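J.: Handing you this structure, nothing more for now.
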Number of protein chains: 2
Amino acid sequence: MAVAPEMPANIMAFFDTPTPEAWLVEASNRVPELLLDHANCELKAASTALGFLYRYPDRTELVQRMSRLAREELRHFEQVRSIMAELQLPFERLTASRYAGSLREAVRKEEPQKLLDMLLTGALIEARSCERFARLAPRLAPLLGKFYKGLLASEARHFEHYIAFAKSECGIDEAAIDERLVELKQLEAALISEPDAQFRFHSGTPL
Amino acid sequence: MAVAPEMPANIMAFFDTPTPEAWLVEASNRVPELLLDHANCELKAASTALGFLYRYPDRTELVQRMSRLAREELRHFEQVRSIMAELQLPFERLTASRYAGSLREAVRKEEPQKLLDMLLTGALIEARSCERFARLAPRLAPLLGKFYKGLLASEARHFEHYIAFAKSECGIDEAAIDERLVELKQLEAALISEPDAQFRFHSGTPL
(Lines give C-alpha, C1' and ligand atoms only; values in the text may rest on other atoms or scores of the structure.)
Protein backbone atom coordinates (compact mmCIF):
# COMPACT_ATOMS: atom_id res chain seq x y z
CA MET A 1 0.00 0.00 0.00
CA ALA A 2 1.27 3.48 -0.81
CA VAL A 3 2.16 5.59 2.18
CA ALA A 4 -0.35 8.40 2.71
CA PRO A 5 1.47 11.72 2.23
CA GLU A 6 -0.04 12.95 5.51
CA MET A 7 1.30 10.03 7.57
CA PRO A 8 3.56 11.26 10.39
CA ALA A 9 6.84 9.34 10.59
CA ASN A 10 6.35 8.45 14.27
CA ILE A 11 2.97 6.84 13.55
CA MET A 12 4.36 5.04 10.49
CA ALA A 13 7.21 3.63 12.58
CA PHE A 14 4.94 2.54 15.44
CA PHE A 15 2.81 0.03 13.52
CA ASP A 16 3.78 -3.07 11.55
CA THR A 17 0.25 -3.60 10.24
CA PRO A 18 -1.46 -0.86 8.23
CA THR A 19 -5.22 -0.35 7.99
CA PRO A 20 -6.56 -2.67 5.26
CA GLU A 21 -7.39 -1.03 1.95
CA ALA A 22 -10.88 -2.60 2.10
CA TRP A 23 -11.65 -0.71 5.32
CA LEU A 24 -10.58 2.58 3.74
CA VAL A 25 -12.87 1.99 0.76
CA GLU A 26 -15.74 1.10 3.10
CA ALA A 27 -15.15 4.14 5.30
CA SER A 28 -15.08 6.51 2.31
CA ASN A 29 -18.52 5.18 1.37
CA ARG A 30 -20.01 5.29 4.87
CA VAL A 31 -19.11 8.77 6.06
CA PRO A 32 -22.24 9.35 8.19
CA GLU A 33 -21.55 6.19 10.23
CA LEU A 34 -17.85 7.05 10.34
CA LEU A 35 -18.61 10.46 11.83
CA LEU A 36 -21.10 9.06 14.32
CA ASP A 37 -18.63 6.49 15.61
CA HIS A 38 -15.82 9.03 15.54
CA ALA A 39 -17.82 11.42 17.76
CA ASN A 40 -18.48 8.53 20.14
CA CYS A 41 -14.76 7.66 20.14
CA GLU A 42 -13.73 11.21 21.05
CA LEU A 43 -16.16 11.22 23.97
CA LYS A 44 -14.95 7.81 25.14
CA ALA A 45 -11.33 8.93 24.80
CA ALA A 46 -12.09 11.94 27.02
CA SER A 47 -13.77 9.69 29.59
CA THR A 48 -10.84 7.27 29.51
CA ALA A 49 -8.40 10.12 30.12
CA LEU A 50 -10.54 11.33 33.04
CA GLY A 51 -10.50 7.80 34.43
CA PHE A 52 -6.78 8.27 35.14
CA LEU A 53 -7.60 11.38 37.22
CA TYR A 54 -10.00 9.37 39.36
CA ARG A 55 -7.84 6.25 39.64
CA TYR A 56 -4.42 7.85 40.16
CA PRO A 57 -5.31 11.26 41.66
CA ASP A 58 -1.99 11.85 43.43
CA ARG A 59 0.21 11.41 40.32
CA THR A 60 0.39 15.07 39.39
CA GLU A 61 2.18 14.82 36.04
CA LEU A 62 -0.03 12.01 34.80
CA VAL A 63 -3.16 13.81 36.01
CA GLN A 64 -2.24 17.14 34.45
CA ARG A 65 -1.43 15.56 31.09
CA MET A 66 -4.57 13.40 31.05
CA SER A 67 -6.72 16.39 31.95
CA ARG A 68 -5.27 18.31 28.99
CA LEU A 69 -5.81 15.29 26.73
CA ALA A 70 -9.41 15.03 27.91
CA ARG A 71 -9.96 18.70 27.04
CA GLU A 72 -8.53 18.17 23.60
CA GLU A 73 -10.68 15.10 22.94
CA LEU A 74 -13.76 17.04 24.08
CA ARG A 75 -12.93 19.86 21.70
CA HIS A 76 -12.69 17.33 18.87
CA PHE A 77 -15.95 15.74 20.01
CA GLU A 78 -17.59 19.18 19.70
CA GLN A 79 -16.08 19.67 16.25
CA VAL A 80 -17.37 16.32 14.98
CA ARG A 81 -20.78 17.07 16.50
CA SER A 82 -20.81 20.43 14.68
CA ILE A 83 -20.03 18.75 11.36
CA MET A 84 -22.77 16.19 12.05
CA ALA A 85 -25.22 18.97 12.88
CA GLU A 86 -24.36 20.78 9.63
CA LEU A 87 -24.97 17.54 7.73
CA GLN A 88 -28.18 17.00 9.74
CA LEU A 89 -26.91 13.66 11.02
CA PRO A 90 -28.50 12.63 14.33
CA PHE A 91 -26.23 11.59 17.18
CA GLU A 92 -26.72 8.51 19.30
CA ARG A 93 -24.57 6.61 21.76
CA LEU A 94 -23.05 3.44 20.33
CA THR A 95 -22.18 0.24 22.16
CA ALA A 96 -18.49 -0.61 22.57
CA SER A 97 -16.84 -1.84 19.39
CA ARG A 98 -14.99 -5.18 19.14
CA TYR A 99 -11.76 -3.15 19.08
CA ALA A 100 -12.28 -1.18 22.28
CA GLY A 101 -13.91 -4.09 24.07
CA SER A 102 -11.12 -6.54 23.26
CA LEU A 103 -8.35 -4.11 24.19
CA ARG A 104 -10.11 -3.33 27.45
CA GLU A 105 -10.40 -7.06 28.21
CA ALA A 106 -6.66 -7.43 27.68
CA VAL A 107 -5.92 -5.02 30.56
CA ARG A 108 -4.66 -7.04 33.52
CA LYS A 109 -6.40 -6.59 36.88
CA GLU A 110 -3.46 -6.18 39.27
CA GLU A 111 -1.32 -3.06 39.70
CA PRO A 112 1.09 -1.98 38.35
CA GLN A 113 0.27 -4.19 35.32
CA LYS A 114 -3.17 -2.60 35.14
CA LEU A 115 -1.77 0.93 34.81
CA LEU A 116 0.82 -0.29 32.31
CA ASP A 117 -1.80 -2.00 30.15
CA MET A 118 -4.17 0.97 30.31
CA LEU A 119 -1.37 3.25 29.11
CA LEU A 120 -0.18 0.91 26.37
CA THR A 121 -3.69 0.25 25.03
CA GLY A 122 -4.29 4.01 25.22
CA ALA A 123 -1.18 4.53 23.10
CA LEU A 124 -2.33 1.96 20.55
CA ILE A 125 -5.80 3.48 20.23
CA GLU A 126 -4.40 7.01 19.85
CA ALA A 127 -1.80 5.94 17.30
CA ARG A 128 -4.26 3.85 15.27
CA SER A 129 -6.71 6.74 15.17
CA CYS A 130 -3.97 8.92 13.70
CA GLU A 131 -2.98 6.26 11.20
CA ARG A 132 -6.59 6.14 10.01
CA PHE A 133 -6.92 9.96 9.95
CA ALA A 134 -3.84 10.10 7.71
CA ARG A 135 -5.00 7.39 5.32
CA LEU A 136 -8.60 8.61 5.21
CA ALA A 137 -7.97 12.33 4.77
CA PRO A 138 -7.07 12.19 1.03
CA ARG A 139 -10.14 10.03 0.31
CA LEU A 140 -12.73 12.31 1.91
CA ALA A 141 -14.49 15.41 0.57
CA PRO A 142 -12.09 18.41 0.82
CA LEU A 143 -13.54 20.07 3.94
CA LEU A 144 -13.77 16.81 5.85
CA GLY A 145 -10.32 15.75 4.67
CA LYS A 146 -8.93 19.05 5.91
CA PHE A 147 -10.62 18.52 9.27
CA TYR A 148 -9.08 15.04 9.59
CA LYS A 149 -5.64 16.41 8.73
CA GLY A 150 -6.11 19.00 11.46
CA LEU A 151 -7.00 16.30 14.00
CA LEU A 152 -3.95 14.36 12.94
CA ALA A 153 -1.70 17.36 13.53
CA SER A 154 -3.27 17.81 16.95
CA GLU A 155 -3.23 14.16 18.07
CA ALA A 156 -0.14 12.67 16.41
CA ARG A 157 1.95 12.91 19.58
CA HIS A 158 -0.65 11.71 22.08
CA PHE A 159 0.48 8.09 21.88
CA GLU A 160 4.02 9.13 22.78
CA HIS A 161 2.75 10.69 26.00
CA TYR A 162 1.07 7.39 26.87
CA ILE A 163 4.28 5.45 26.13
CA ALA A 164 6.36 7.90 28.17
CA PHE A 165 4.05 7.47 31.17
CA ALA A 166 4.19 3.69 30.77
CA LYS A 167 7.95 4.04 31.26
CA SER A 168 7.87 6.62 34.07
CA GLU A 169 4.83 5.68 36.17
CA CYS A 170 4.69 1.90 36.50
CA GLY A 171 8.01 0.91 38.04
CA ILE A 172 8.30 -1.89 35.45
CA ASP A 173 11.59 -2.40 33.63
CA GLU A 174 11.80 -1.36 30.02
CA ALA A 175 12.36 -4.85 28.61
CA ALA A 176 9.12 -6.08 30.21
CA ILE A 177 7.28 -3.00 28.91
CA ASP A 178 8.57 -3.60 25.38
CA GLU A 179 7.56 -7.26 25.57
CA ARG A 180 4.04 -6.35 26.68
CA LEU A 181 3.80 -3.70 23.96
CA VAL A 182 4.69 -6.34 21.33
CA GLU A 183 1.90 -8.62 22.66
CA LEU A 184 -0.67 -5.84 22.65
CA LYS A 185 0.42 -4.68 19.18
CA GLN A 186 -0.23 -8.19 17.88
CA LEU A 187 -3.72 -8.19 19.41
CA GLU A 188 -4.39 -4.72 17.99
CA ALA A 189 -3.17 -5.70 14.52
CA ALA A 190 -5.54 -8.69 14.52
CA LEU A 191 -8.47 -6.50 15.58
CA ILE A 192 -8.00 -3.98 12.77
CA SER A 193 -7.28 -6.55 10.06
CA GLU A 194 -9.41 -9.64 10.73
CA PRO A 195 -12.90 -9.81 9.20
CA ASP A 196 -15.41 -7.74 11.15
CA ALA A 197 -19.20 -7.79 10.73
CA GLN A 198 -19.56 -4.32 12.25
CA PHE A 199 -18.32 -1.12 10.60
CA ARG A 200 -16.69 1.27 13.05
CA PHE A 201 -13.84 3.76 13.21
CA HIS A 202 -11.57 0.99 14.52
CA SER A 203 -13.21 -2.04 12.88
CA GLY A 204 -11.42 -4.81 10.96
CA THR A 205 -11.65 -5.84 7.30
CA PRO A 206 -15.27 -5.48 6.15
CA LEU A 207 -16.99 -8.79 5.45
CA MET B 1 -22.21 42.51 55.12
CA ALA B 2 -20.49 44.88 52.72
CA VAL B 3 -20.72 43.90 49.08
CA ALA B 4 -17.41 42.59 47.76
CA PRO B 5 -16.18 44.96 45.05
CA GLU B 6 -15.59 41.99 42.75
CA MET B 7 -19.16 40.67 43.04
CA PRO B 8 -20.85 40.50 39.62
CA ALA B 9 -24.33 42.05 39.62
CA ASN B 10 -25.96 38.90 38.21
CA ILE B 11 -24.56 36.74 41.02
CA MET B 12 -25.54 39.36 43.62
CA ALA B 13 -29.10 39.45 42.27
CA PHE B 14 -29.41 35.65 42.15
CA PHE B 15 -28.99 34.93 45.88
CA ASP B 16 -30.93 36.15 48.89
CA THR B 17 -28.50 34.58 51.36
CA PRO B 18 -24.83 35.56 51.30
CA THR B 19 -21.96 33.37 52.47
CA PRO B 20 -21.62 33.80 56.26
CA GLU B 21 -18.76 35.99 57.44
CA ALA B 22 -17.60 33.17 59.73
CA TRP B 23 -17.04 30.87 56.73
CA LEU B 24 -14.96 33.54 54.99
CA VAL B 25 -12.77 33.96 58.06
CA GLU B 26 -12.37 30.18 58.33
CA ALA B 27 -11.54 29.81 54.63
CA SER B 28 -8.91 32.56 54.77
CA ASN B 29 -7.21 30.59 57.54
CA ARG B 30 -7.47 27.17 55.89
CA VAL B 31 -6.17 27.82 52.39
CA PRO B 32 -4.55 24.39 51.85
CA GLU B 33 -7.86 22.62 52.58
CA LEU B 34 -9.72 25.21 50.53
CA LEU B 35 -7.51 24.53 47.51
CA LEU B 36 -7.77 20.76 47.91
CA ASP B 37 -11.55 20.85 48.01
CA HIS B 38 -11.64 23.42 45.23
CA ALA B 39 -9.59 21.15 42.94
CA ASN B 40 -11.97 18.30 43.77
CA CYS B 41 -14.97 20.55 43.01
CA GLU B 42 -13.62 21.51 39.57
CA LEU B 43 -13.12 17.83 38.70
CA LYS B 44 -16.61 16.95 39.93
CA ALA B 45 -18.07 19.87 38.00
CA ALA B 46 -16.40 18.59 34.83
CA SER B 47 -17.77 15.09 35.47
CA THR B 48 -21.25 16.48 36.13
CA ALA B 49 -21.15 18.40 32.85
CA LEU B 50 -20.04 15.24 31.02
CA GLY B 51 -22.93 13.38 32.63
CA PHE B 52 -25.30 15.48 30.51
CA LEU B 53 -23.49 14.26 27.35
CA TYR B 54 -24.06 10.65 28.35
CA ARG B 55 -27.63 11.08 29.57
CA TYR B 56 -28.99 13.40 26.86
CA PRO B 57 -26.69 12.65 23.89
CA ASP B 58 -29.11 13.76 21.17
CA ARG B 59 -29.69 17.30 22.54
CA THR B 60 -27.02 19.00 20.48
CA GLU B 61 -27.11 22.49 22.02
CA LEU B 62 -27.06 21.16 25.58
CA VAL B 63 -24.31 18.69 24.74
CA GLN B 64 -22.10 21.25 23.01
CA ARG B 65 -22.43 23.74 25.86
CA MET B 66 -21.82 21.13 28.56
CA SER B 67 -18.76 19.82 26.72
CA ARG B 68 -17.34 23.36 26.63
CA LEU B 69 -18.15 23.83 30.32
CA ALA B 70 -16.42 20.53 31.13
CA ARG B 71 -13.31 21.73 29.29
CA GLU B 72 -13.31 24.97 31.22
CA GLU B 73 -13.72 23.20 34.58
CA LEU B 74 -10.85 20.85 33.67
CA ARG B 75 -8.63 23.80 32.82
CA HIS B 76 -9.40 25.29 36.22
CA PHE B 77 -8.76 21.91 37.85
CA GLU B 78 -5.31 21.92 36.24
CA GLN B 79 -4.67 25.48 37.43
CA VAL B 80 -5.60 24.67 41.03
CA ARG B 81 -3.45 21.52 40.85
CA SER B 82 -0.52 23.63 39.61
CA ILE B 83 -0.91 26.04 42.52
CA MET B 84 -1.09 23.09 44.91
CA ALA B 85 2.04 21.58 43.36
CA GLU B 86 3.89 24.90 43.75
CA LEU B 87 2.85 25.01 47.41
CA GLN B 88 3.81 21.31 47.75
CA LEU B 89 0.29 20.40 48.84
CA PRO B 90 -0.60 16.76 48.15
CA PHE B 91 -3.81 16.00 46.30
CA GLU B 92 -6.34 13.39 47.35
CA ARG B 93 -9.91 12.62 46.39
CA LEU B 94 -12.47 13.82 48.91
CA THR B 95 -15.85 12.29 49.72
CA ALA B 96 -18.95 14.24 48.68
CA SER B 97 -19.65 17.25 50.88
CA ARG B 98 -22.96 17.82 52.70
CA TYR B 99 -23.69 20.52 50.12
CA ALA B 100 -23.23 18.44 46.97
CA GLY B 101 -24.77 15.34 48.53
CA SER B 102 -27.91 17.15 49.72
CA LEU B 103 -28.44 18.95 46.42
CA ARG B 104 -28.00 15.69 44.54
CA GLU B 105 -30.56 14.00 46.81
CA ALA B 106 -33.03 16.77 45.99
CA VAL B 107 -32.99 15.87 42.29
CA ARG B 108 -36.25 14.10 41.44
CA LYS B 109 -36.08 10.70 39.73
CA GLU B 110 -38.59 11.10 36.87
CA GLU B 111 -38.06 13.01 33.64
CA PRO B 112 -38.42 15.84 32.82
CA GLN B 113 -38.22 16.84 36.51
CA LYS B 114 -34.86 15.10 36.78
CA LEU B 115 -33.31 17.17 34.00
CA LEU B 116 -34.86 20.35 35.40
CA ASP B 117 -33.50 19.67 38.89
CA MET B 118 -30.05 18.75 37.59
CA LEU B 119 -29.91 22.02 35.67
CA LEU B 120 -31.22 24.14 38.55
CA THR B 121 -28.88 22.59 41.12
CA GLY B 122 -26.07 23.01 38.59
CA ALA B 123 -26.95 26.71 38.35
CA LEU B 124 -26.96 27.07 42.14
CA ILE B 125 -23.59 25.38 42.57
CA GLU B 126 -22.01 27.48 39.80
CA ALA B 127 -23.46 30.72 41.14
CA ARG B 128 -22.50 29.98 44.75
CA SER B 129 -18.96 29.15 43.69
CA CYS B 130 -18.73 32.57 42.04
CA GLU B 131 -20.23 34.30 45.05
CA ARG B 132 -17.52 32.71 47.21
CA PHE B 133 -14.75 33.50 44.69
CA ALA B 134 -15.82 37.17 44.81
CA ARG B 135 -15.98 37.39 48.59
CA LEU B 136 -12.80 35.36 49.13
CA ALA B 137 -10.56 37.06 46.57
CA PRO B 138 -9.86 40.24 48.59
CA ARG B 139 -9.03 38.15 51.68
CA LEU B 140 -6.44 35.91 50.07
CA ALA B 141 -2.74 36.47 49.35
CA PRO B 142 -2.40 38.65 46.21
CA LEU B 143 -1.51 35.93 43.69
CA LEU B 144 -4.22 33.59 44.90
CA GLY B 145 -6.73 36.44 45.09
CA LYS B 146 -5.91 37.35 41.51
CA PHE B 147 -6.41 33.72 40.45
CA TYR B 148 -9.83 33.63 42.14
CA LYS B 149 -10.83 36.88 40.42
CA GLY B 150 -9.84 35.30 37.12
CA LEU B 151 -11.97 32.24 37.80
CA LEU B 152 -14.85 34.52 38.69
CA ALA B 153 -14.55 36.36 35.38
CA SER B 154 -14.49 33.04 33.57
CA GLU B 155 -17.35 31.34 35.44
CA ALA B 156 -19.73 34.18 36.34
CA ARG B 157 -22.10 33.41 33.47
CA HIS B 158 -22.14 29.62 33.76
CA PHE B 159 -25.21 29.57 36.01
CA GLU B 160 -27.15 31.57 33.41
CA HIS B 161 -26.48 28.86 30.82
CA TYR B 162 -27.91 26.30 33.23
CA ILE B 163 -31.00 28.43 33.85
CA ALA B 164 -31.48 29.02 30.11
CA PHE B 165 -31.37 25.26 29.46
CA ALA B 166 -33.84 24.68 32.31
CA LYS B 167 -36.22 26.92 30.37
CA SER B 168 -35.50 25.56 26.88
CA GLU B 169 -34.92 21.82 27.39
CA CYS B 170 -37.47 20.53 29.90
CA GLY B 171 -40.88 21.41 28.43
CA ILE B 172 -41.95 22.69 31.85
CA ASP B 173 -43.76 26.03 32.09
CA GLU B 174 -41.84 28.96 33.46
CA ALA B 175 -44.02 29.43 36.56
CA ALA B 176 -43.32 25.84 37.67
CA ILE B 177 -39.59 26.33 36.97
CA ASP B 178 -39.53 29.50 39.06
CA GLU B 179 -41.36 27.76 41.88
CA ARG B 180 -38.88 24.87 41.88
CA LEU B 181 -35.97 27.29 41.78
CA VAL B 182 -37.32 29.05 44.89
CA GLU B 183 -37.51 25.69 46.71
CA LEU B 184 -33.99 24.70 45.73
CA LYS B 185 -32.64 28.15 46.62
CA GLN B 186 -34.07 27.72 50.11
CA LEU B 187 -32.37 24.34 50.48
CA GLU B 188 -29.11 25.77 49.15
CA ALA B 189 -29.26 28.76 51.49
CA ALA B 190 -29.71 26.43 54.47
CA LEU B 191 -26.75 24.30 53.39
CA ILE B 192 -24.34 27.24 53.14
CA SER B 193 -25.51 28.95 56.32
CA GLU B 194 -26.42 26.27 58.87
CA PRO B 195 -23.71 24.97 61.23
CA ASP B 196 -21.42 22.47 59.51
CA ALA B 197 -18.86 20.24 61.21
CA GLN B 198 -16.88 19.81 57.99
CA PHE B 199 -14.94 22.63 56.28
CA ARG B 200 -15.33 22.59 52.51
CA PHE B 201 -15.58 25.04 49.61
CA HIS B 202 -19.38 24.92 49.91
CA SER B 203 -19.72 24.19 53.64
CA GLY B 204 -21.99 26.02 56.09
CA THR B 205 -21.17 28.16 59.12
CA PRO B 206 -18.16 26.66 60.91
CA LEU B 207 -19.00 25.15 64.32
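A note on labels: chains of the C-alpha coordinates are A, B, ... as shown, every chain counts residues from 1, and ligands are counted from 1 in their shown order.
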What are the residues of chain A lining chain B at 6 Å or less? Count only C-alpha atoms, and put the answer as a PyMOL selection string.

T.: chain A and resi 58+64+71+78+91

J.: Those selected residues, please, written with N, CA and C atoms and delivered as a short mmCIF file (atom, residue, chain, number, x, y, z; two decimals), in the first residue's frame.

T.:
data_model
loop_
_atom_site.label_atom_id
_atom_site.label_comp_id
_atom_site.auth_asym_id
_atom_site.auth_seq_id
_atom_site.Cartn_x
_atom_site.Cartn_y
_atom_site.Cartn_z
N ASP A 58 -3.16 11.21 42.83
CA ASP A 58 -1.99 11.85 43.43
C ASP A 58 -0.80 11.93 42.48
N GLN A 64 -2.20 15.89 35.21
CA GLN A 64 -2.24 17.14 34.45
C GLN A 64 -2.26 16.86 32.94
N ARG A 71 -9.43 17.45 27.60
CA ARG A 71 -9.96 18.70 27.04
C ARG A 71 -9.84 18.70 25.52
N GLU A 78 -16.71 18.06 20.09
CA GLU A 78 -17.59 19.18 19.70
C GLU A 78 -17.48 19.47 18.21
N PHE A 91 -27.24 12.25 16.35
CA PHE A 91 -26.23 11.59 17.18
C PHE A 91 -26.91 10.58 18.08
#

J.: Identify, on the basis of only C-alpha atoms, every residue whose closest approach to Thr17 (chain A) does not exceed 8 Å; exclude the query and any residue fewer than 2 positions from it along the same chain; express the result as a ChimeraX atom specification.

T.: /A:15,19,189

J.: Would you save the residues of that selection, restricted to N, CA and C atoms, as a short mmCIF file (atom, residue, chain, number, x, y, z; two decimals), in the first residue's frame?

T.:
data_model
loop_
_atom_site.label_atom_id
_atom_site.label_comp_id
_atom_site.auth_asym_id
_atom_site.auth_seq_id
_atom_site.Cartn_x
_atom_site.Cartn_y
_atom_site.Cartn_z
N PHE A 15 3.62 1.19 13.89
CA PHE A 15 2.81 0.03 13.52
C PHE A 15 3.49 -0.83 12.46
N THR A 19 -3.78 -0.19 8.21
CA THR A 19 -5.22 -0.35 7.99
C THR A 19 -5.45 -0.99 6.62
N ALA A 189 -3.29 -5.46 15.97
CA ALA A 189 -3.17 -5.70 14.52
C ALA A 189 -4.24 -6.69 14.06
#

J.: So how many Å separate CA of Phe201 (chain A) and CA of Phe133 (chain A), to one decimal?

T.: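 Result for CA of Phe201 (chain A) versus CA of Phe133 (chain A): 9.8 Å, one decimal.
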
J.: If we count only C-alpha atoms, what is near Gly122 (chain B) at a cut-off of 9 Å, once residues fewer than 3 positions away on the same chain are taken out, given as a list of chain:residue names?

T.: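 Near neighbours after the sequence-gap exclusion: B:Ala45, B:Thr48, B:Ala49, B:Asp117, B:Met118, B:Leu119, B:Ile125, B:Glu126, B:Ala127, B:Phe159, B:Tyr162, B:Ile163.
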
J.: For Val80 (chain A), which residue among A:Leu35, A:Ala156, A:Met7, A:Ala123 is the nearest when counting only C-alpha atoms?

T.: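 When distances to Val80 (chain A) are compared using only C-alpha atoms, the smallest one comes from A:Leu35.
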
J.: Report as a short mmCIF file (atom, residue, chain, number, x, y, z; two decimals) with all heavy atoms, in the first residue's frame all protein, DNA and RNA residues lying within 10 Å of Leu187 (chain A), evaluated on only C-alpha atoms, omitting residues in the same chain fewer than 3 positions from it.

T.:
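Once everything was written out, this is out-v9.cif:
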data_model
loop_
_atom_site.label_atom_id
_atom_site.label_comp_id
_atom_site.auth_asym_id
_atom_site.auth_seq_id
_atom_site.Cartn_x
_atom_site.Cartn_y
_atom_site.Cartn_z
N TYR A 99 -13.11 -3.68 18.85
CA TYR A 99 -11.76 -3.15 19.08
C TYR A 99 -11.58 -2.67 20.52
O TYR A 99 -10.70 -3.16 21.25
CB TYR A 99 -11.54 -2.01 18.08
CG TYR A 99 -10.18 -1.35 18.10
CD1 TYR A 99 -9.12 -1.91 17.39
CD2 TYR A 99 -9.97 -0.17 18.79
CE1 TYR A 99 -7.88 -1.28 17.37
CE2 TYR A 99 -8.73 0.47 18.77
CZ TYR A 99 -7.70 -0.09 18.06
OH TYR A 99 -6.47 0.52 18.04
N SER A 102 -12.19 -5.53 23.16
CA SER A 102 -11.12 -6.54 23.26
C SER A 102 -9.86 -5.96 23.90
O SER A 102 -9.19 -6.64 24.68
CB SER A 102 -10.78 -7.08 21.87
OG SER A 102 -11.92 -7.67 21.29
N LEU A 103 -9.53 -4.72 23.56
CA LEU A 103 -8.35 -4.11 24.19
C LEU A 103 -8.59 -3.91 25.69
O LEU A 103 -7.69 -4.11 26.50
CB LEU A 103 -8.00 -2.79 23.50
CG LEU A 103 -7.39 -2.94 22.10
CD1 LEU A 103 -7.20 -1.56 21.45
CD2 LEU A 103 -6.05 -3.67 22.15
N ALA A 106 -8.06 -7.02 27.58
CA ALA A 106 -6.66 -7.43 27.68
C ALA A 106 -5.94 -6.75 28.86
O ALA A 106 -4.83 -7.15 29.22
CB ALA A 106 -5.93 -7.12 26.38
N LEU A 181 4.24 -4.52 25.09
CA LEU A 181 3.80 -3.70 23.96
C LEU A 181 3.73 -4.55 22.68
O LEU A 181 2.78 -4.42 21.90
CB LEU A 181 4.73 -2.49 23.77
CG LEU A 181 4.34 -1.52 22.66
CD1 LEU A 181 2.91 -0.99 22.83
CD2 LEU A 181 5.32 -0.33 22.61
N VAL A 182 4.71 -5.45 22.50
CA VAL A 182 4.69 -6.34 21.33
C VAL A 182 3.43 -7.22 21.35
O VAL A 182 2.73 -7.37 20.34
CB VAL A 182 5.97 -7.21 21.29
CG1 VAL A 182 5.84 -8.34 20.28
CG2 VAL A 182 7.18 -6.33 20.96
N GLU A 183 3.11 -7.78 22.54
CA GLU A 183 1.90 -8.62 22.66
C GLU A 183 0.64 -7.83 22.30
O GLU A 183 -0.22 -8.29 21.55
CB GLU A 183 1.73 -9.11 24.11
CG GLU A 183 2.67 -10.21 24.53
CD GLU A 183 2.56 -10.50 26.05
OE1 GLU A 183 1.63 -9.98 26.72
OE2 GLU A 183 3.42 -11.24 26.54
N LEU A 184 0.55 -6.64 22.87
CA LEU A 184 -0.67 -5.84 22.65
C LEU A 184 -0.75 -5.35 21.20
O LEU A 184 -1.84 -5.23 20.64
CB LEU A 184 -0.72 -4.66 23.64
CG LEU A 184 -0.98 -5.07 25.09
CD1 LEU A 184 -0.80 -3.88 26.04
CD2 LEU A 184 -2.39 -5.67 25.26
N ALA A 190 -4.50 -7.72 14.88
CA ALA A 190 -5.54 -8.69 14.52
C ALA A 190 -6.91 -8.00 14.49
O ALA A 190 -7.72 -8.22 13.58
CB ALA A 190 -5.54 -9.84 15.53
N LEU A 191 -7.15 -7.14 15.48
CA LEU A 191 -8.47 -6.50 15.58
C LEU A 191 -8.76 -5.58 14.39
O LEU A 191 -9.90 -5.47 13.95
CB LEU A 191 -8.58 -5.71 16.89
CG LEU A 191 -8.62 -6.56 18.16
CD1 LEU A 191 -8.41 -5.70 19.40
CD2 LEU A 191 -9.94 -7.32 18.25
N ILE A 192 -7.73 -4.91 13.87
CA ILE A 192 -8.00 -3.98 12.77
C ILE A 192 -7.88 -4.66 11.41
O ILE A 192 -8.18 -4.04 10.39
CB ILE A 192 -7.09 -2.72 12.79
CG1 ILE A 192 -5.61 -3.09 12.68
CG2 ILE A 192 -7.35 -1.86 14.01
CD1 ILE A 192 -5.03 -2.84 11.34
#

J.: What gap, in Å, lies between CA of Pro8 (chain A) and CA of Leu36 (chain A)?

T.: 25.1 Å

J.: Give the alpha helix (DSSP H) residues of region 122-170 of chain A, as DSSP finds them on the backbone, and put them as an NGL selection string.

T.: :A and (122-136 or 142-155 or 158-169)

J.: Quote the spacing between CA of Glu188 (chain A) and CA of Phe14 (chain A) in Å to one decimal place.

T.: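 Value for the CA of Glu188 (chain A)-CA of Phe14 (chain A) distance: 12.1 Å.
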
J.: Quick one: of A:Arg132, A:Arg104, A:Arg139, A:Lys114, who's nearest to Ile172 (chain A), counting only C-alpha atoms?

T.: A:Lys114
